[in-house]
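model.cif follows; it contains mmCIF, C-alpha atoms and all ligand atoms.
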data_structure
#
loop_
_atom_site.label_atom_id
_atom_site.label_comp_id
_atom_site.auth_asym_id
_atom_site.auth_seq_id
_atom_site.Cartn_x
_atom_site.Cartn_y
_atom_site.Cartn_z
CA MET A 1 87.71 106.84 127.00
CA SER A 2 85.62 104.78 124.64
CA LYS A 3 85.24 101.15 125.62
CA LYS A 4 84.79 98.68 122.77
CA HIS A 5 84.52 94.94 122.34
CA ILE A 6 86.09 93.31 119.28
CA LEU A 7 85.49 89.80 117.96
CA LEU A 8 88.47 88.28 116.14
CA LEU A 9 87.68 85.68 113.50
CA PRO A 10 91.08 84.67 112.05
CA GLY A 11 89.51 81.90 109.93
CA ASP A 12 91.86 79.83 107.78
CA GLY A 13 95.31 79.93 106.18
CA ILE A 14 97.18 83.22 106.56
CA GLY A 15 94.14 84.65 108.39
CA HIS A 16 95.79 83.87 111.73
CA GLU A 17 99.07 85.57 110.95
CA VAL A 18 97.62 88.74 109.50
CA VAL A 19 95.03 89.17 112.25
CA ARG A 20 97.81 88.79 114.86
CA GLU A 21 99.64 91.81 113.38
CA ALA A 22 96.47 93.89 113.22
CA VAL A 23 95.82 93.09 116.89
CA LYS A 24 99.32 94.38 117.72
CA VAL A 25 98.27 97.70 116.20
CA LEU A 26 95.05 97.75 118.22
CA HIS A 27 97.05 97.04 121.38
CA TRP A 28 99.30 99.98 120.56
CA PHE A 29 96.29 102.31 120.75
CA VAL A 30 95.22 100.69 124.03
CA ALA A 31 98.71 101.21 125.48
CA HIS A 32 98.54 104.87 124.47
CA GLY A 33 95.19 105.40 126.11
CA THR A 34 93.18 105.97 122.93
CA PHE A 35 90.75 103.11 123.53
CA ASP A 36 89.75 100.62 126.13
CA LEU A 37 89.39 97.39 124.13
CA THR A 38 88.34 93.87 125.02
CA PHE A 39 88.77 90.93 122.67
CA ASP A 40 87.04 87.65 122.02
CA GLU A 41 88.07 85.05 119.44
CA GLY A 42 85.76 82.81 117.43
CA LEU A 43 85.64 80.17 114.71
CA ILE A 44 84.63 80.60 111.08
CA GLY A 45 85.31 78.82 107.79
CA GLY A 46 87.21 75.59 107.34
CA SER A 47 88.77 75.63 110.79
CA ALA A 48 85.27 75.95 112.29
CA TYR A 49 84.14 73.02 110.18
CA ASP A 50 87.05 70.93 111.43
CA ALA A 51 86.39 71.87 115.05
CA VAL A 52 82.59 71.66 115.23
CA GLY A 53 81.30 70.46 111.83
CA THR A 54 79.95 73.75 110.48
CA PRO A 55 81.65 76.79 108.90
CA PHE A 56 79.46 79.17 110.90
CA PRO A 57 78.78 77.85 114.42
CA ALA A 58 75.88 79.25 116.47
CA GLU A 59 78.42 80.29 119.09
CA THR A 60 80.15 82.51 116.51
CA LEU A 61 76.84 84.22 115.75
CA ARG A 62 76.31 84.83 119.47
CA GLN A 63 79.82 86.28 119.81
CA ALA A 64 79.25 88.44 116.72
CA HIS A 65 76.06 89.94 118.14
CA ALA A 66 77.92 90.80 121.34
CA ALA A 67 80.73 92.66 119.56
CA ASP A 68 81.03 96.34 118.60
CA ALA A 69 83.12 95.32 115.60
CA ILE A 70 84.47 92.14 114.02
CA LEU A 71 87.89 91.60 112.46
CA LEU A 72 88.05 88.67 110.05
CA GLY A 73 91.16 87.14 108.47
CA ALA A 74 90.25 84.90 105.55
CA VAL A 75 88.44 81.63 104.89
CA GLY A 76 89.01 78.64 102.60
CA GLY A 77 91.67 76.17 101.54
CA PRO A 78 92.14 73.16 99.27
CA GLN A 79 91.44 70.62 102.04
CA TRP A 80 87.81 71.78 102.21
CA GLU A 81 87.13 72.08 98.47
CA GLY A 82 85.61 68.63 98.20
CA LEU A 83 83.06 69.25 100.96
CA ASP A 84 79.37 69.54 100.30
CA TYR A 85 78.44 73.05 99.16
CA SER A 86 76.43 73.65 102.34
CA VAL A 87 79.46 73.32 104.65
CA ARG A 88 82.24 74.86 102.57
CA PRO A 89 84.25 77.60 104.30
CA GLU A 90 82.77 80.29 101.99
CA ARG A 91 79.31 79.46 103.34
CA GLY A 92 80.54 80.75 106.70
CA LEU A 93 81.30 84.11 105.15
CA LEU A 94 77.96 84.32 103.35
CA ALA A 95 76.12 83.29 106.52
CA ILE A 96 77.71 85.91 108.75
CA ARG A 97 76.93 88.61 106.17
CA LYS A 98 73.30 87.53 105.98
CA GLU A 99 72.74 86.89 109.69
CA LEU A 100 74.19 90.24 110.73
CA GLY A 101 72.52 92.11 107.88
CA LEU A 102 75.87 93.42 106.57
CA PHE A 103 74.37 94.85 103.40
CA ALA A 104 76.93 97.57 102.64
CA ASN A 105 80.36 96.42 101.52
CA LEU A 106 82.91 99.20 101.15
CA ARG A 107 85.95 98.30 99.08
CA PRO A 108 88.39 101.14 98.56
CA ALA A 109 90.93 100.75 95.78
CA LEU A 110 93.70 103.11 96.71
CA CYS A 111 97.00 103.13 94.92
CA PHE A 112 99.89 103.77 97.31
CA GLU A 113 102.44 106.03 95.65
CA ALA A 114 105.31 103.70 96.63
CA LEU A 115 103.57 100.85 94.78
CA VAL A 116 102.59 102.61 91.56
CA ASP A 117 105.00 100.42 89.60
CA ALA A 118 103.40 97.22 90.87
CA SER A 119 100.25 97.83 88.82
CA SER A 120 99.73 96.09 85.50
CA LEU A 121 98.62 99.48 84.14
CA LYS A 122 101.00 102.29 83.24
CA PRO A 123 101.85 104.51 86.24
CA GLU A 124 99.99 107.53 84.87
CA TYR A 125 96.71 105.59 84.89
CA VAL A 126 96.93 104.52 88.52
CA SER A 127 99.05 107.13 90.31
CA GLY A 128 96.74 108.90 92.74
CA LEU A 129 93.91 106.42 92.18
CA ASP A 130 91.41 106.58 95.03
CA LEU A 131 88.21 104.78 94.17
CA MET A 132 85.52 103.40 96.43
CA ILE A 133 83.36 100.47 95.36
CA VAL A 134 80.14 100.10 97.32
CA ARG A 135 78.85 96.58 96.82
CA GLU A 136 75.40 95.46 98.03
CA LEU A 137 76.19 92.34 100.04
CA THR A 138 73.07 90.55 101.25
CA GLY A 139 70.83 90.34 98.18
CA ASP A 140 70.93 89.51 94.48
CA VAL A 141 71.61 86.15 92.92
CA TYR A 142 73.81 85.26 95.92
CA PHE A 143 70.78 84.72 98.13
CA GLY A 144 67.77 84.68 95.77
CA THR A 145 65.45 81.68 95.58
CA PRO A 146 64.52 79.45 93.84
CA ARG A 147 68.04 78.10 93.47
CA GLY A 148 69.76 74.78 92.94
CA VAL A 149 70.23 72.02 90.41
CA GLN A 150 67.66 69.36 89.73
CA MET A 151 66.59 66.77 87.18
CA GLU A 152 63.90 68.05 84.82
CA ASP A 153 62.65 66.17 81.75
CA GLY A 154 65.64 63.87 81.86
CA GLU A 155 68.40 66.46 82.19
CA LEU A 156 69.99 68.56 84.87
CA VAL A 157 68.73 72.12 85.17
CA GLY A 158 70.53 74.72 87.28
CA ARG A 159 68.94 77.96 88.39
CA ASN A 160 69.67 80.99 90.52
CA THR A 161 67.48 84.02 90.99
CA MET A 162 68.51 87.64 90.65
CA ILE A 163 66.26 89.54 93.00
CA TYR A 164 66.24 92.98 94.63
CA ARG A 165 63.57 94.73 96.64
CA ALA A 166 63.25 98.49 96.17
CA SER A 167 64.01 98.98 99.87
CA GLU A 168 67.31 97.10 99.46
CA VAL A 169 68.32 99.31 96.55
CA ASP A 170 67.26 102.47 98.40
CA ARG A 171 69.40 101.77 101.46
CA ILE A 172 72.58 100.90 99.54
CA ALA A 173 72.01 103.93 97.28
CA ARG A 174 71.88 106.14 100.39
CA VAL A 175 75.15 104.68 101.73
CA ALA A 176 76.90 105.32 98.42
CA LEU A 177 75.44 108.80 97.87
CA ASN A 178 76.44 109.74 101.39
CA LEU A 179 80.00 108.53 100.84
CA ALA A 180 80.24 110.39 97.54
CA ARG A 181 79.11 113.56 99.30
CA GLY A 182 82.06 113.26 101.70
CA ARG A 183 84.54 112.64 98.84
CA LEU A 184 84.62 114.20 95.35
CA GLY A 185 80.83 114.22 95.05
CA ARG A 186 80.54 111.77 92.16
CA LEU A 187 78.64 108.48 92.12
CA CYS A 188 78.46 105.98 89.26
CA SER A 189 75.74 103.34 89.61
CA VAL A 190 76.47 100.14 87.71
CA ASP A 191 73.73 97.91 86.31
CA LYS A 192 72.67 95.91 83.26
CA ALA A 193 69.45 97.84 82.72
CA ASN A 194 69.50 97.17 78.97
CA VAL A 195 68.87 93.46 79.59
CA LEU A 196 67.85 92.73 83.19
CA GLU A 197 64.60 94.16 84.57
CA THR A 198 65.80 93.79 88.15
CA THR A 199 68.63 96.17 87.42
CA GLU A 200 66.38 98.55 85.50
CA MET A 201 64.42 98.85 88.72
CA TRP A 202 67.77 99.36 90.50
CA ARG A 203 68.59 102.28 88.21
CA ASN A 204 65.17 103.87 88.69
CA ARG A 205 65.40 103.62 92.50
CA VAL A 206 68.91 105.09 92.57
CA CYS A 207 67.62 107.99 90.44
CA ALA A 208 64.66 108.53 92.78
CA ILE A 209 66.74 108.56 95.98
CA HIS A 210 69.24 110.85 94.31
CA ALA A 211 66.59 113.33 93.17
CA GLU A 212 64.79 113.33 96.52
CA GLU A 213 67.72 113.45 98.93
CA TYR A 214 71.09 113.89 97.23
CA ALA A 215 70.66 116.18 94.25
CA ASP A 216 74.02 117.82 95.10
CA VAL A 217 75.89 114.62 94.17
CA ALA A 218 76.77 114.13 90.47
CA LEU A 219 75.13 110.81 89.56
CA SER A 220 75.90 108.76 86.46
CA HIS A 221 74.95 105.25 85.32
CA MET A 222 76.95 102.62 83.47
CA TYR A 223 76.26 99.13 82.17
CA VAL A 224 78.44 96.59 83.91
CA ASP A 225 80.29 95.46 80.80
CA ASN A 226 81.25 99.03 80.02
CA ALA A 227 82.18 99.63 83.67
CA ALA A 228 84.62 96.70 83.58
CA MET A 229 86.17 98.14 80.44
CA GLN A 230 86.34 101.69 81.86
CA LEU A 231 88.01 100.42 85.04
CA VAL A 232 91.00 99.22 83.08
CA ARG A 233 90.86 102.01 80.46
CA ASN A 234 90.68 105.04 82.75
CA PRO A 235 90.04 104.16 86.41
CA LYS A 236 90.60 107.69 87.69
CA GLN A 237 87.31 108.84 86.13
CA PHE A 238 85.54 107.18 89.09
CA ASP A 239 85.04 108.45 92.62
CA VAL A 240 82.41 106.15 94.16
CA MET A 241 80.76 103.23 92.33
CA VAL A 242 77.67 101.43 93.63
CA THR A 243 76.41 98.10 92.35
CA GLY A 244 74.70 94.83 93.24
CA ASN A 245 76.25 91.81 94.91
CA LEU A 246 77.33 89.83 91.84
CA PHE A 247 78.58 92.74 89.72
CA GLY A 248 80.30 94.13 92.81
CA ASP A 249 82.13 90.87 93.43
CA ILE A 250 83.58 90.98 89.94
CA LEU A 251 84.29 94.70 89.64
CA SER A 252 85.93 94.92 93.06
CA ASP A 253 88.50 92.25 92.17
CA CYS A 254 89.22 94.13 88.98
CA ALA A 255 89.58 97.45 90.82
CA ALA A 256 91.75 95.83 93.48
CA MET A 257 94.22 94.56 90.95
CA LEU A 258 94.59 98.03 89.42
CA THR A 259 96.51 98.96 92.54
CA GLY A 260 98.90 96.11 91.84
CA SER A 261 98.69 94.68 95.29
CA LEU A 262 95.76 92.64 96.54
CA GLY A 263 97.74 92.34 99.78
CA MET A 264 97.11 96.01 100.53
CA LEU A 265 93.36 96.35 100.29
CA PRO A 266 91.00 96.52 103.27
CA SER A 267 87.21 96.32 103.36
CA ALA A 268 84.28 97.05 105.61
CA SER A 269 80.86 95.40 105.67
CA LEU A 270 78.22 97.37 107.53
CA GLY A 271 74.67 96.79 108.69
CA GLU A 272 71.90 99.31 109.27
CA ARG A 273 72.42 101.71 112.14
CA GLN A 274 69.96 100.89 114.93
CA GLU A 275 68.05 103.48 116.94
CA ASN A 276 70.44 102.99 119.88
CA GLY A 277 73.33 103.91 117.58
CA LYS A 278 74.66 100.35 117.23
CA GLN A 279 75.71 99.15 113.80
CA ALA A 280 76.95 95.66 112.97
CA ALA A 281 80.33 95.93 111.28
CA LEU A 282 82.84 93.45 109.95
CA TYR A 283 86.28 94.38 108.67
CA GLU A 284 88.47 92.12 106.56
CA PRO A 285 91.28 92.20 104.02
CA VAL A 286 90.13 91.70 100.42
CA HIS A 287 92.70 88.95 99.83
CA GLY A 288 92.04 85.26 100.50
CA SER A 289 93.57 82.66 102.81
CA ALA A 290 96.66 81.98 100.60
CA PRO A 291 97.14 78.39 101.81
CA ASP A 292 100.38 78.08 99.82
CA ILE A 293 102.20 80.46 102.17
CA ALA A 294 100.20 79.91 105.37
CA GLY A 295 102.23 79.56 108.56
CA GLN A 296 105.48 80.69 106.93
CA ASP A 297 105.61 84.30 108.14
CA LYS A 298 105.46 85.48 104.51
CA ALA A 299 101.97 87.00 104.25
CA ASN A 300 101.44 90.74 103.92
CA PRO A 301 99.53 91.97 106.99
CA LEU A 302 98.96 95.49 105.68
CA ALA A 303 95.46 94.91 104.27
CA THR A 304 94.32 93.67 107.67
CA ILE A 305 96.08 96.55 109.43
CA LEU A 306 94.34 98.95 107.03
CA SER A 307 91.05 97.18 107.82
CA VAL A 308 91.66 98.15 111.44
CA ALA A 309 92.02 101.75 110.27
CA MET A 310 88.60 101.47 108.62
CA MET A 311 87.25 100.02 111.88
CA LEU A 312 88.56 102.94 113.89
CA ARG A 313 87.12 105.43 111.44
CA LEU A 314 83.72 103.85 110.79
CA SER A 315 82.87 102.00 114.02
CA PHE A 316 84.81 103.85 116.70
CA ASP A 317 84.54 107.37 115.34
CA ALA A 318 88.31 107.83 115.60
CA PRO A 319 89.40 109.36 112.27
CA HIS A 320 92.63 110.65 113.76
CA ALA A 321 93.79 107.20 114.91
CA ALA A 322 92.72 105.79 111.53
CA SER A 323 94.81 108.24 109.57
CA MET A 324 97.79 107.59 111.84
CA ILE A 325 97.66 103.94 110.76
CA GLU A 326 97.33 104.90 107.11
CA LYS A 327 100.28 107.28 107.39
CA ALA A 328 102.38 104.62 109.13
CA VAL A 329 101.62 102.12 106.34
CA ASN A 330 102.59 104.70 103.73
CA HIS A 331 105.87 105.30 105.52
CA VAL A 332 106.91 101.69 106.00
CA LEU A 333 106.42 100.99 102.28
CA ASN A 334 109.38 103.25 101.56
CA GLU A 335 111.69 100.92 103.45
CA VAL A 336 110.39 97.42 103.92
CA ARG A 337 108.26 95.05 101.85
CA THR A 338 106.75 91.62 102.17
CA ALA A 339 107.45 89.28 99.24
CA ASP A 340 104.16 90.03 97.41
CA ILE A 341 105.07 93.71 96.96
CA MET A 342 108.86 93.43 96.98
CA GLY A 343 110.63 96.18 95.02
CA ALA A 344 114.19 97.10 94.12
CA GLY A 345 116.20 98.62 96.95
CA LYS A 346 113.73 97.65 99.68
CA LYS A 347 114.33 95.31 102.58
CA LEU A 348 112.39 92.05 102.47
CA VAL A 349 110.56 91.34 105.73
CA GLY A 350 108.14 88.72 107.03
CA THR A 351 104.63 89.13 108.41
CA SER A 352 105.50 89.87 112.01
CA GLU A 353 108.45 92.12 111.19
CA MET A 354 106.16 94.15 108.95
CA GLY A 355 103.78 94.54 111.89
CA ASP A 356 106.69 95.68 114.07
CA HIS A 357 107.66 98.31 111.50
CA VAL A 358 104.14 99.72 111.51
CA ILE A 359 104.25 99.90 115.32
CA ALA A 360 107.66 101.62 115.25
CA CYS A 361 106.27 104.13 112.79
CA LEU A 362 103.25 104.80 115.04
CA ASP A 363 105.72 105.52 117.86
CA LYS A 364 107.54 108.01 115.65
CA LEU A 365 104.31 109.71 114.56
CA LYS A 366 103.23 109.98 118.18
CA LEU A 367 106.56 111.59 119.15
CA ALA A 368 106.32 114.02 116.25
CA GLN A 369 102.82 115.03 117.33
CA ALA A 370 103.92 115.58 120.92
CA ALA A 371 106.81 117.80 119.82
C1 LIG B 1 84.42 88.18 98.19
C2 LIG B 1 84.59 86.70 97.92
C3 LIG B 1 83.33 85.98 98.38
C4 LIG B 1 82.16 86.49 97.55
C5 LIG B 1 83.40 84.44 98.33
C6 LIG B 1 84.61 83.92 99.07
C7 LIG B 1 82.14 83.82 98.85
O1 LIG B 1 84.85 86.49 96.59
O2 LIG B 1 84.25 88.56 99.37
O3 LIG B 1 84.48 88.96 97.24
O4 LIG B 1 81.89 86.00 96.46
O5 LIG B 1 81.49 87.43 98.01
MG MG B 2 85.15 88.25 95.42
#

Can the structure in the file be given as structure tokens, please?
Amino acid sequence: MSKKHILLLPGDGIGHEVVREAVKVLHWFVAHGTFDLTFDEGLIGGSAYDAVGTPFPAETLRQAHAADAILLGAVGGPQWEGLDYSVRPERGLLAIRKELGLFANLRPALCFEALVDASSLKPEYVSGLDLMIVRELTGDVYFGTPRGVQMEDGELVGRNTMIYRASEVDRIARVALNLARGRLGRLCSVDKANVLETTEMWRNRVCAIHAEEYADVALSHMYVDNAAMQLVRNPKQFDVMVTGNLFGDILSDCAAMLTGSLGMLPSASLGERQENGKQAALYEPVHGSAPDIAGQDKANPLATILSVAMMLRLSFDAPHAASMIEKAVNHVLNEVRTADIMGAGKKLVGTSEMGDHVIACLDKLKLAQAA
């Protein structure tokens, strides 16, 4: 039986509640003999700042290095908004990405059939939508230097630097091309090559890697402004999209909302696979810390539960267990809903009851398989 060590980083706000439900699901697989799991819990974000004065403590980094996979809740909240930029909760998130080299951010935008009506687009545009955004996560203007604001010639000047090395583009291109190969075989690379030289280089590198190693994948290119427009005009034209850190931040929120339910979307952030087979991996829901409903048993835990499914598939090589979770989530949506996705004729449930429904559904699926 595979033995794995998981670091839980609940973070702030609803992070605690949603991670608790996802852990219930992990325990279910332990109880059924699928995995042998050990857990550790660490601090990140505003709660880490309150406890030890930094959003990303050295101890958290040590725990992260020791884990086979990390499950993160969410960071941030109004009480930390006035803090200096260097110790804001979000810095904790950026730091863990950088320190662990989590360069590949996978953000699937999948429209659950039961939720088709929740989208702001007409059902025919989103029904069956299954799109994967691959966002580069450790480069670009997010981390480029020089950066900052300073006084120059009597006025404030702010600057940030968009920067990519060819090797950074090559490795994210390979991740995306590989994913496309396992799906419908189509990759759209998004850039602003008509204006920004950095992204012209991006386009050229993606073309080179494609020609050398992945000629079987159908590759296209799109400027980011057009891509944003196409996402809301006809999202089903896309299979996999790959783009840089900043464009990916923006486009992935847009794609997420197409599904009508930010509370449903998981994500994975992966590092390079080492020679010994190890690969740093962090899983988290796409939604934020929702401080307005924190601690009230109202939050939707399904995005975090689906992040566990991604963990099982990508880090623990357990595609069967992963699809059991996805099936269970699909099933429960027919009967129960948290407030954010409430629909006519469904029963309104809280965070922990939703978790219990997923567990009950896993029990049923298990019985059906045994029969
Ligand atoms: C995301 C978030 C983060 C980002 C923030 C919280 C730093 O928006 O994960 O998309 O910009 O990357
Ligand atoms: Mg974002």

Surrounding residues as an MDAnalysis selection string, ligand MG 2 (chain B), max 8 Å, only C-alpha atoms and all ligand atoms: chainID A and resid 249:250 252:253 286

Residue nearest Ser120 of chain A - candidates A:Val332, A:Cys254, A:Val206, A:Ala280, atoms counted: only C-alpha atoms: A:Cys254

Computed interatomic separation between atom C6 of ligand LIG 1 (chain B) and atom CA of Asp317 of chain A (Å):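 Computed distance, atom C6 of ligand LIG 1 (chain B) to atom CA of Asp317 of chain A, equals 28.5 Å.
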
Excluding Asp292 of chain A and any residue of its chain fewer than 3 positions from it, enumerate the residues within 12 Å of it, using only C-alpha atoms, and give them as a PDB file with C-alpha atoms, keeping the file's coordinate frame.
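Output file around-v3.pdb is given in full below:
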ATOM      1  CA  ASP A  12      91.860  79.830 107.780  1.00  0.00           C
ATOM      2  CA  GLY A  13      95.310  79.930 106.180  1.00  0.00           C
ATOM      3  CA  ILE A  14      97.180  83.220 106.560  1.00  0.00           C
ATOM      4  CA  GLY A  76      89.010  78.640 102.600  1.00  0.00           C
ATOM      5  CA  GLY A  77      91.670  76.170 101.540  1.00  0.00           C
ATOM      6  CA  PRO A  78      92.140  73.160  99.270  1.00  0.00           C
ATOM      7  CA  GLN A  79      91.440  70.620 102.040  1.00  0.00           C
ATOM      8  CA  GLY A 288      92.040  85.260 100.500  1.00  0.00           C
ATOM      9  CA  SER A 289      93.570  82.660 102.810  1.00  0.00           C
ATOM     10  CA  GLY A 295     102.230  79.560 108.560  1.00  0.00           C
ATOM     11  CA  GLN A 296     105.480  80.690 106.930  1.00  0.00           C
ATOM     12  CA  ASP A 297     105.610  84.300 108.140  1.00  0.00           C
ATOM     13  CA  LYS A 298     105.460  85.480 104.510  1.00  0.00           C
ATOM     14  CA  ALA A 299     101.970  87.000 104.250  1.00  0.00           C
TER      15      ALA A 299
END

Here is a test: counting only C-alpha atoms and all ligand atoms, which residue of A:Ile325, A:Leu94, A:Ile70, A:Ala309 is nearest to ligand LIG 1 (chain B)?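 Looking at the shortest contact to ligand LIG 1 (chain B), the residue is A:Leu94.
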
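Between atom CA of Thr198 of chain A and atom CA of Met162 of chain A the interatomic distance comes to 7.2 Å.
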
Please, which residues in chain A fall within 10 Å of ligand LIG 1 (chain B) when counting only C-alpha atoms and all ligand atoms, and what is the closest atom pair and distance in Å to one decimal for each, ordered by chain then residue number, as a Markdown table?
| residue | atom | partner | partner_atom | distance |
| --- | --- | --- | --- | --- |
| A:Ala74 | CA | B:LIG1 | C6 | 8.6 |
| A:Val75 | CA | B:LIG1 | C6 | 7.3 |
| A:Gly76 | CA | B:LIG1 | C6 | 7.7 |
| A:Arg88 | CA | B:LIG1 | C7 | 9.7 |
| A:Pro89 | CA | B:LIG1 | C6 | 8.2 |
| A:Glu90 | CA | B:LIG1 | C7 | 4.8 |
| A:Arg91 | CA | B:LIG1 | C7 | 6.9 |
| A:Gly92 | CA | B:LIG1 | C7 | 8.6 |
| A:Leu93 | CA | B:LIG1 | C7 | 6.4 |
| A:Leu94 | CA | B:LIG1 | C7 | 6.2 |
| A:Ala95 | CA | B:LIG1 | C7 | 9.8 |
| A:Arg97 | CA | B:LIG1 | O5 | 9.4 |
| A:Asn105 | CA | B:LIG1 | O2 | 9.0 |
| A:Arg107 | CA | B:LIG1 | O3 | 9.6 |
| A:Arg135 | CA | B:LIG1 | O3 | 9.5 |
| A:Leu137 | CA | B:LIG1 | O5 | 7.5 |
| A:Thr138 | CA | B:LIG1 | O5 | 9.5 |
| A:Tyr142 | CA | B:LIG1 | O4 | 8.1 |
| A:Asn245 | CA | B:LIG1 | O5 | 7.5 |
| A:Leu246 | CA | B:LIG1 | O4 | 7.5 |
| A:Gly248 | CA | B:LIG1 | O3 | 8.0 |
| A:Asp249 | CA | B:LIG1 | O3 | 4.9 |
| A:Ile250 | CA | B:LIG1 | O3 | 7.6 |
| A:Leu251 | CA | B:LIG1 | O3 | 9.5 |
| A:Ser252 | CA | B:LIG1 | O3 | 7.4 |
| A:Asp253 | CA | B:LIG1 | O3 | 7.3 |
| A:Ser267 | CA | B:LIG1 | O2 | 9.2 |
| A:Ser269 | CA | B:LIG1 | O2 | 9.9 |
| A:Glu284 | CA | B:LIG1 | O2 | 9.1 |
| A:Pro285 | CA | B:LIG1 | O2 | 9.2 |
| A:Val286 | CA | B:LIG1 | O2 | 6.7 |
| A:His287 | CA | B:LIG1 | O2 | 8.5 |
| A:Gly288 | CA | B:LIG1 | C6 | 7.7 |
| A:Ser289 | CA | B:LIG1 | C6 | 9.8 |

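Using all atoms listed in the file, the nearest neighbour of Ala228 of chain A within the list A:Asp117, A:Asp191, A:Asp84, A:Asp50 is A:Asp191.
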
Find the residue from A:Phe247, A:Tyr125, A:Phe112, A:Tyr283 that sits nearest to Leu9 of chain A; use all atoms listed in the file when measuring. A:Tyr283

Name all residues at most 10 Å from Met354 of chain A (count only C-alpha atoms; drop same-chain ones fewer than 3 positions away) and give them as an MDAnalysis selection string. chainID A and resid 21 297:302 329 332:333 336:338 348:351 357:360

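Compared by their closest atoms to Ala166 of chain A, and using only C-alpha atoms, the residues A:Pro55, A:Gly144, A:Gly42, A:Gly139 rank with A:Gly139 nearest.
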
Quick one: residues within 9 Å of Asp216 of chain A, all atoms listed in the file, excluding same-chain residues fewer than 5 positions away - as a list of chain:residue names?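 Listed by chain and then number, they are A:Arg181, A:Gly185, A:His210, A:Ala211.
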
Please return segment 126-137 of chain A, rebuilt to N, CA, C and O atoms, as an mmCIF file, keeping the file's coordinate frame.
data_model
loop_
_atom_site.group_PDB
_atom_site.id
_atom_site.type_symbol
_atom_site.label_atom_id
_atom_site.label_comp_id
_atom_site.auth_asym_id
_atom_site.auth_seq_id
_atom_site.Cartn_x
_atom_site.Cartn_y
_atom_site.Cartn_z
ATOM 1 N N VAL A 126 97.298 104.941 87.164
ATOM 2 C CA VAL A 126 96.930 104.520 88.520
ATOM 3 C C VAL A 126 97.490 105.431 89.621
ATOM 4 O O VAL A 126 97.007 105.406 90.750
ATOM 5 N N SER A 127 98.478 106.244 89.297
ATOM 6 C CA SER A 127 99.050 107.130 90.310
ATOM 7 C C SER A 127 97.954 108.059 90.836
ATOM 8 O O SER A 127 97.271 108.726 90.060
ATOM 9 N N GLY A 128 97.779 108.048 92.144
ATOM 10 C CA GLY A 128 96.740 108.900 92.740
ATOM 11 C C GLY A 128 95.350 108.287 92.726
ATOM 12 O O GLY A 128 94.381 108.908 93.167
ATOM 13 N N LEU A 129 95.230 107.066 92.238
ATOM 14 C CA LEU A 129 93.910 106.420 92.180
ATOM 15 C C LEU A 129 93.326 106.252 93.586
ATOM 16 O O LEU A 129 93.982 105.759 94.494
ATOM 17 N N ASP A 130 92.082 106.702 93.747
ATOM 18 C CA ASP A 130 91.410 106.580 95.030
ATOM 19 C C ASP A 130 89.929 106.387 94.726
ATOM 20 O O ASP A 130 89.167 107.328 94.556
ATOM 21 N N LEU A 131 89.552 105.126 94.629
ATOM 22 C CA LEU A 131 88.210 104.780 94.170
ATOM 23 C C LEU A 131 87.530 103.955 95.240
ATOM 24 O O LEU A 131 88.182 103.171 95.920
ATOM 25 N N MET A 132 86.252 104.172 95.429
ATOM 26 C CA MET A 132 85.520 103.400 96.430
ATOM 27 C C MET A 132 84.404 102.608 95.747
ATOM 28 O O MET A 132 83.530 103.190 95.113
ATOM 29 N N ILE A 133 84.460 101.287 95.881
ATOM 30 C CA ILE A 133 83.360 100.470 95.360
ATOM 31 C C ILE A 133 82.422 100.134 96.505
ATOM 32 O O ILE A 133 82.855 99.636 97.548
ATOM 33 N N VAL A 134 81.155 100.450 96.326
ATOM 34 C CA VAL A 134 80.140 100.100 97.320
ATOM 35 C C VAL A 134 79.327 98.955 96.730
ATOM 36 O O VAL A 134 78.602 99.126 95.754
ATOM 37 N N ARG A 135 79.497 97.787 97.319
ATOM 38 C CA ARG A 135 78.850 96.580 96.820
ATOM 39 C C ARG A 135 77.712 96.174 97.748
ATOM 40 O O ARG A 135 77.939 95.995 98.948
ATOM 41 N N GLU A 136 76.505 95.979 97.205
ATOM 42 C CA GLU A 136 75.400 95.460 98.030
ATOM 43 C C GLU A 136 75.769 94.020 98.371
ATOM 44 O O GLU A 136 76.254 93.277 97.528
ATOM 45 N N LEU A 137 75.572 93.604 99.617
ATOM 46 C CA LEU A 137 76.190 92.340 100.040
ATOM 47 C C LEU A 137 75.234 91.271 100.545
ATOM 48 O O LEU A 137 75.658 90.156 100.840
#
